[in-house]
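Visitor: File entry15.pdb below, PDB, C-alpha atoms:
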ATOM      1  CA  VAL A  17      64.800  63.866  46.140
ATOM      2  CA  GLN A  18      64.693  61.299  48.896
ATOM      3  CA  LEU A  19      67.671  60.609  51.130
ATOM      4  CA  GLN A  20      68.389  57.398  53.013
ATOM      5  CA  ALA A  21      71.055  57.472  55.712
ATOM      6  CA  SER A  22      72.587  54.362  57.224
ATOM      7  CA  GLY A  23      75.650  53.102  59.039
ATOM      8  CA  GLY A  24      75.064  54.336  62.552
ATOM      9  CA  GLY A  25      75.587  52.171  65.606
ATOM     10  CA  LEU A  26      77.249  51.758  68.960
ATOM     11  CA  VAL A  27      81.026  52.028  69.174
ATOM     12  CA  GLN A  28      83.601  52.496  71.904
ATOM     13  CA  ALA A  29      85.613  55.678  72.202
ATOM     14  CA  GLY A  30      88.438  55.654  69.702
ATOM     15  CA  GLY A  31      86.498  53.496  67.288
ATOM     16  CA  SER A  32      85.245  54.200  63.770
ATOM     17  CA  LEU A  33      82.017  54.200  61.829
ATOM     18  CA  ARG A  34      81.166  54.929  58.219
ATOM     19  CA  LEU A  35      77.871  56.561  57.429
ATOM     20  CA  SER A  36      76.277  56.432  53.996
ATOM     21  CA  CYS A  37      73.576  58.560  52.447
ATOM     22  CA  VAL A  38      71.948  57.515  49.198
ATOM     23  CA  ALA A  39      69.981  60.064  47.210
ATOM     24  CA  SER A  40      67.176  59.054  44.884
ATOM     25  CA  ALA A  41      68.560  61.551  42.364
ATOM     26  CA  LEU A  42      71.444  63.953  42.114
ATOM     27  CA  THR A  43      70.714  67.552  42.852
ATOM     28  CA  PHE A  44      72.008  70.142  40.417
ATOM     29  CA  ARG A  45      75.711  69.979  39.573
ATOM     30  CA  SER A  46      76.130  73.183  41.514
ATOM     31  CA  GLY A  47      74.788  71.445  44.564
ATOM     32  CA  GLY A  48      76.090  69.023  47.116
ATOM     33  CA  MET A  49      75.362  67.204  50.312
ATOM     34  CA  GLY A  50      76.058  67.725  53.943
ATOM     35  CA  TRP A  51      75.933  65.976  57.266
ATOM     36  CA  PHE A  52      74.464  67.473  60.400
ATOM     37  CA  ARG A  53      74.059  65.994  63.868
ATOM     38  CA  GLN A  54      71.829  66.567  66.849
ATOM     39  CA  ALA A  55      72.787  65.470  70.338
ATOM     40  CA  PRO A  56      70.164  65.076  73.085
ATOM     41  CA  GLY A  57      69.069  68.447  74.380
ATOM     42  CA  LYS A  58      71.097  70.356  71.799
ATOM     43  CA  GLU A  59      70.400  72.075  68.518
ATOM     44  CA  ARG A  60      71.278  70.415  65.254
ATOM     45  CA  GLU A  61      74.767  71.378  64.112
ATOM     46  CA  PHE A  62      76.764  71.226  60.928
ATOM     47  CA  VAL A  63      79.350  68.462  60.553
ATOM     48  CA  ALA A  64      80.633  68.400  56.970
ATOM     49  CA  ALA A  65      79.645  69.071  53.372
ATOM     50  CA  ILE A  66      80.852  68.226  49.873
ATOM     51  CA  ARG A  67      80.106  69.545  46.411
ATOM     52  CA  TRP A  68      79.131  67.247  43.556
ATOM     53  CA  VAL A  69      80.982  69.067  40.791
ATOM     54  CA  ASP A  70      84.492  69.362  42.231
ATOM     55  CA  ALA A  71      84.476  67.342  45.475
ATOM     56  CA  ARG A  72      85.442  70.387  47.502
ATOM     57  CA  SER A  73      84.623  69.719  51.127
ATOM     58  CA  THR A  74      84.473  71.533  54.421
ATOM     59  CA  TYR A  75      84.225  70.482  58.054
ATOM     60  CA  ALA A  76      83.191  71.773  61.419
ATOM     61  CA  ASN A  77      86.164  72.434  63.679
ATOM     62  CA  ALA A  78      84.965  69.779  66.130
ATOM     63  CA  VAL A  79      85.450  66.973  63.604
ATOM     64  CA  LYS A  80      88.293  68.291  61.452
ATOM     65  CA  GLY A  81      91.080  65.724  61.202
ATOM     66  CA  ARG A  82      88.849  62.866  62.427
ATOM     67  CA  PHE A  83      85.983  62.785  59.926
ATOM     68  CA  THR A  84      86.217  62.541  56.147
ATOM     69  CA  ILE A  85      83.376  63.185  53.736
ATOM     70  CA  SER A  86      83.471  61.648  50.262
ATOM     71  CA  LYS A  87      81.098  60.954  47.392
ATOM     72  CA  ASP A  88      80.265  58.616  44.570
ATOM     73  CA  ASN A  89      78.425  60.533  41.882
ATOM     74  CA  THR A  90      77.579  57.401  39.930
ATOM     75  CA  LYS A  91      75.626  56.122  42.911
ATOM     76  CA  ALA A  92      74.435  59.513  44.176
ATOM     77  CA  THR A  93      75.925  58.532  47.505
ATOM     78  CA  VAL A  94      77.863  60.459  50.111
ATOM     79  CA  PHE A  95      79.913  58.875  52.877
ATOM     80  CA  LEU A  96      81.102  60.121  56.231
ATOM     81  CA  GLN A  97      84.074  58.208  57.598
ATOM     82  CA  MET A  98      84.304  58.896  61.311
ATOM     83  CA  ASN A  99      87.514  57.942  63.095
ATOM     84  CA  ASN A 100      88.630  58.363  66.683
ATOM     85  CA  LEU A 101      85.045  58.771  67.800
ATOM     86  CA  GLN A 102      84.465  60.329  71.192
ATOM     87  CA  PRO A 103      81.429  60.333  73.513
ATOM     88  CA  GLU A 104      80.692  63.919  72.503
ATOM     89  CA  ASP A 105      80.111  62.662  68.954
ATOM     90  CA  THR A 106      77.022  60.817  70.162
ATOM     91  CA  ALA A 107      74.064  62.157  68.198
ATOM     92  CA  ILE A 108      71.567  61.473  65.481
ATOM     93  CA  TYR A 109      73.321  62.146  62.193
ATOM     94  CA  TYR A 110      71.322  63.571  59.309
ATOM     95  CA  CYS A 111      72.283  63.892  55.690
ATOM     96  CA  ALA A 112      70.934  66.724  53.593
ATOM     97  CA  ALA A 113      71.086  67.746  49.951
ATOM     98  CA  ALA A 114      71.322  71.218  48.479
ATOM     99  CA  ASN A 115      70.528  72.283  44.927
ATOM    100  CA  MET A 116      73.257  74.875  45.213
ATOM    101  CA  LEU A 117      76.242  74.734  47.532
ATOM    102  CA  ALA A 118      79.190  77.086  47.838
ATOM    103  CA  PHE A 119      81.739  77.333  50.614
ATOM    104  CA  GLY A 120      81.834  81.058  51.085
ATOM    105  CA  THR A 121      82.974  83.105  54.037
ATOM    106  CA  ASP A 122      79.363  83.704  55.007
ATOM    107  CA  TYR A 123      79.224  80.094  56.258
ATOM    108  CA  TYR A 124      75.766  79.713  54.769
ATOM    109  CA  TYR A 125      76.696  76.156  53.826
ATOM    110  CA  ALA A 126      76.634  75.341  57.554
ATOM    111  CA  ARG A 127      73.054  76.476  58.001
ATOM    112  CA  GLU A 128      70.088  74.144  57.773
ATOM    113  CA  GLY A 129      68.278  76.599  55.506
ATOM    114  CA  ARG A 130      70.870  76.042  52.758
ATOM    115  CA  TYR A 131      69.661  72.470  52.269
ATOM    116  CA  ASP A 132      66.566  71.500  50.330
ATOM    117  CA  TYR A 133      66.138  67.853  51.256
ATOM    118  CA  TRP A 134      66.743  65.864  54.445
ATOM    119  CA  GLY A 135      67.157  62.234  55.338
ATOM    120  CA  GLN A 136      65.651  60.511  58.352
ATOM    121  CA  GLY A 137      68.780  60.338  60.492
ATOM    122  CA  THR A 138      70.910  57.530  61.868
ATOM    123  CA  GLN A 139      71.912  57.142  65.507
ATOM    124  CA  VAL A 140      75.579  57.148  66.485
ATOM    125  CA  THR A 141      76.394  56.275  70.079
ATOM    126  CA  VAL A 142      79.947  56.371  71.422
ATOM    127  CA  SER A 143      80.602  54.813  74.808
ATOM    128  CA  SER A 144      83.467  55.865  77.045
TER     129      SER A 144
END
Would you mind writing the structure in this file as structure tokens?
Guide:
Amino acid sequence: VQLQASGGGLVQAGGSLRLSCVASALTFRSGGMGWFRQAPGKEREFVAAIRWVDARSTYANAVKGRFTISKDNTKATVFLQMNNLQPEDTAIYYCAAANMLAFGTDYYYAREGRYDYWGQGTQVTVSS
């Protein structure tokens, strides 16, 4: 499975961007896709994830209420709508696909190791 992320760019604080991630094939129905981000000098962190089969989604606390993840199964595409962007959202955003994805209390869905395939990343820069 190959993933192609796009939609990044430069935006002023308070602005919006919509990221897209197209997969060359759907992972298993029990799977899903997630977004991670890595800011300069920091470790990559979880942003959001969504399951293919039931569209259940989950978010990191830092983006809850501002970001929305959605999907289009027919196009094997996942979107990340980012509103009210802030300078601290500046990072390279990566999409990732998992053959199996569950949103349990172990928070394993937020770990990089849960995901089997990764895209190349798209840069998001938010100016103050």
Visitor: Can you work out which one of A:Ser73, A:Gln54, A:Ser32, A:Thr43 has the shortest atom-to-atom distance to Ser86 of chain A, counting all atoms listed in the file?
Guide: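 Among the listed residues, the smallest separation from Ser86 of chain A belongs to A:Ser73.
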Visitor: Using the chain letters and numbering of this document, enumerate as a short mmCIF file (atom, residue, chain, number, x, y, z; two decimals) with C-alpha atoms, in the frame of the given file the residues selected by the PyMOL selection byres ((chain A and resi 93) around 10).
Guide:
data_model
loop_
_atom_site.label_atom_id
_atom_site.label_comp_id
_atom_site.auth_asym_id
_atom_site.auth_seq_id
_atom_site.Cartn_x
_atom_site.Cartn_y
_atom_site.Cartn_z
CA LEU A 19 67.67 60.61 51.13
CA GLN A 20 68.39 57.40 53.01
CA ALA A 21 71.06 57.47 55.71
CA SER A 36 76.28 56.43 54.00
CA CYS A 37 73.58 58.56 52.45
CA VAL A 38 71.95 57.52 49.20
CA ALA A 39 69.98 60.06 47.21
CA SER A 40 67.18 59.05 44.88
CA ALA A 41 68.56 61.55 42.36
CA LEU A 42 71.44 63.95 42.11
CA MET A 49 75.36 67.20 50.31
CA SER A 86 83.47 61.65 50.26
CA LYS A 87 81.10 60.95 47.39
CA ASP A 88 80.26 58.62 44.57
CA ASN A 89 78.42 60.53 41.88
CA THR A 90 77.58 57.40 39.93
CA LYS A 91 75.63 56.12 42.91
CA ALA A 92 74.44 59.51 44.18
CA VAL A 94 77.86 60.46 50.11
CA PHE A 95 79.91 58.88 52.88
#
Visitor: By how many Å are atom CA of Arg72 of chain A and atom CA of Leu35 of chain A apart?
Guide: 18.6 Å
Visitor: Would you please work out which residue, of A:Ala107, A:Ala114, A:Ala55, A:Ala126, is nearest to Gly24 of chain A when using all atoms listed in the file?
Guide: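 Closest candidate: A:Ala107.
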Visitor: Identify the residues within 7 Å of coordinate (68.2, 63.6, 59.2) (same frame as the file), considering all atoms listed in the file, and give the answer as number ranges by chain.
Guide: A: 109-112, 134-137
Visitor: Measure the distance from atom CA of Thr141 of chain A to atom CA of Glu104 of chain A in Å and round it to one decimal.
Guide: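 Going from atom CA of Thr141 of chain A over to atom CA of Glu104 of chain A covers 9.1 Å.
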Visitor: I'd like the contact shell of Ala76 of chain A - 7 Å cut-off, only C-alpha atoms, skipping same-chain residues fewer than 6 positions apart - returned as a ChimeraX atom specification.
Guide: /A:62-64
Visitor: Leaving out Met116 of chain A and any residue of its chain fewer than 4 positions from it, which residues lie within 10 Å of it when counting all atoms listed in the file, given as an mmCIF file with C-alpha atoms, in the frame of the given file?
Guide:
data_model
loop_
_atom_site.group_PDB
_atom_site.id
_atom_site.type_symbol
_atom_site.label_atom_id
_atom_site.label_comp_id
_atom_site.auth_asym_id
_atom_site.auth_seq_id
_atom_site.Cartn_x
_atom_site.Cartn_y
_atom_site.Cartn_z
ATOM 1 C CA THR A 43 70.714 67.552 42.852
ATOM 2 C CA PHE A 44 72.008 70.142 40.417
ATOM 3 C CA ARG A 45 75.711 69.979 39.573
ATOM 4 C CA SER A 46 76.130 73.183 41.514
ATOM 5 C CA GLY A 47 74.788 71.445 44.564
ATOM 6 C CA GLY A 48 76.090 69.023 47.116
ATOM 7 C CA MET A 49 75.362 67.204 50.312
ATOM 8 C CA ARG A 67 80.106 69.545 46.411
ATOM 9 C CA TRP A 68 79.131 67.247 43.556
ATOM 10 C CA TYR A 125 76.696 76.156 53.826
ATOM 11 C CA ARG A 130 70.870 76.042 52.758
ATOM 12 C CA TYR A 131 69.661 72.470 52.269
ATOM 13 C CA ASP A 132 66.566 71.500 50.330
#
Visitor: Have a look at atom CA of Leu101 of chain A and atom CA of Glu61 of chain A and let me know their distance in Å, one decimal.
Guide: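 Computed distance, atom CA of Leu101 of chain A to atom CA of Glu61 of chain A, equals 16.7 Å.
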Visitor: Given the choices A:Thr106, A:Gln18, A:Asn99, A:Asn77, which gets closest to Tyr133 of chain A if the distance is worked out from only C-alpha atoms?
Guide: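 Comparing A:Thr106, A:Gln18, A:Asn99, A:Asn77 against Tyr133 of chain A, the winner is A:Gln18.
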Visitor: Of the candidates A:Ile66, A:Pro56, A:Pro103, A:Ala78, which shows the shortest atom-to-atom distance to Ser143 of chain A, using all atoms listed in the file?
Guide: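 The closest residue to Ser143 of chain A is A:Pro103.
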Visitor: Which residue out of A:Ser144, A:Thr121, A:Gln28, A:Gln102 has the minimum interatomic distance to Thr74 of chain A when only C-alpha atoms are used?
Guide: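 Of the candidates, the smallest distance to Thr74 of chain A is held by A:Thr121.
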Visitor: Could I see segment 120-142 of chain A restored to N, CA and C atoms, set down as a short mmCIF file (atom, residue, chain, number, x, y, z; two decimals), keeping the file's coordinate frame?
Guide:
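See result22.cif below for the written result:
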data_model
loop_
_atom_site.label_atom_id
_atom_site.label_comp_id
_atom_site.auth_asym_id
_atom_site.auth_seq_id
_atom_site.Cartn_x
_atom_site.Cartn_y
_atom_site.Cartn_z
N GLY A 120 81.41 79.68 50.94
CA GLY A 120 81.83 81.06 51.08
C GLY A 120 82.12 81.44 52.52
N THR A 121 82.61 82.62 52.70
CA THR A 121 82.97 83.10 54.04
C THR A 121 81.75 83.46 54.86
N ASP A 122 80.58 83.43 54.25
CA ASP A 122 79.36 83.70 55.01
C ASP A 122 78.90 82.48 55.79
N TYR A 123 79.53 81.33 55.56
CA TYR A 123 79.22 80.09 56.26
C TYR A 123 77.78 79.65 56.07
N TYR A 124 77.16 80.09 54.99
CA TYR A 124 75.77 79.71 54.77
C TYR A 124 75.63 78.21 54.55
N TYR A 125 76.73 77.60 54.06
CA TYR A 125 76.70 76.16 53.83
C TYR A 125 76.49 75.38 55.11
N ALA A 126 76.75 75.99 56.25
CA ALA A 126 76.63 75.34 57.55
C ALA A 126 75.25 75.54 58.17
N ARG A 127 74.39 76.20 57.48
CA ARG A 127 73.05 76.48 58.00
C ARG A 127 72.05 75.50 57.42
N GLU A 128 71.09 75.10 58.23
CA GLU A 128 70.09 74.14 57.77
C GLU A 128 69.31 74.69 56.58
N GLY A 129 69.08 75.99 56.55
CA GLY A 129 68.28 76.60 55.51
C GLY A 129 68.89 76.49 54.12
N ARG A 130 70.19 76.18 54.05
CA ARG A 130 70.87 76.04 52.76
C ARG A 130 70.44 74.76 52.04
N TYR A 131 69.93 73.79 52.80
CA TYR A 131 69.66 72.47 52.27
C TYR A 131 68.18 72.28 51.96
N ASP A 132 67.92 71.63 50.84
CA ASP A 132 66.57 71.50 50.33
C ASP A 132 65.89 70.18 50.70
N TYR A 133 66.69 69.18 50.97
CA TYR A 133 66.14 67.85 51.26
C TYR A 133 66.88 67.26 52.44
N TRP A 134 66.16 66.46 53.24
CA TRP A 134 66.74 65.86 54.44
C TRP A 134 66.41 64.39 54.54
N GLY A 135 67.38 63.63 55.05
CA GLY A 135 67.16 62.23 55.34
C GLY A 135 66.58 62.05 56.73
N GLN A 136 66.35 60.82 57.11
CA GLN A 136 65.65 60.51 58.35
C GLN A 136 66.57 60.45 59.57
N GLY A 137 67.85 60.38 59.37
CA GLY A 137 68.78 60.34 60.49
C GLY A 137 69.18 58.93 60.87
N THR A 138 70.40 58.81 61.38
CA THR A 138 70.91 57.53 61.87
C THR A 138 71.64 57.78 63.19
N GLN A 139 71.39 56.94 64.16
CA GLN A 139 71.91 57.14 65.51
C GLN A 139 73.36 56.66 65.61
N VAL A 140 74.20 57.50 66.17
CA VAL A 140 75.58 57.15 66.48
C VAL A 140 75.76 57.31 67.99
N THR A 141 76.18 56.24 68.64
CA THR A 141 76.39 56.28 70.08
C THR A 141 77.82 55.83 70.37
N VAL A 142 78.56 56.66 71.09
CA VAL A 142 79.95 56.37 71.42
C VAL A 142 80.04 56.23 72.94
#
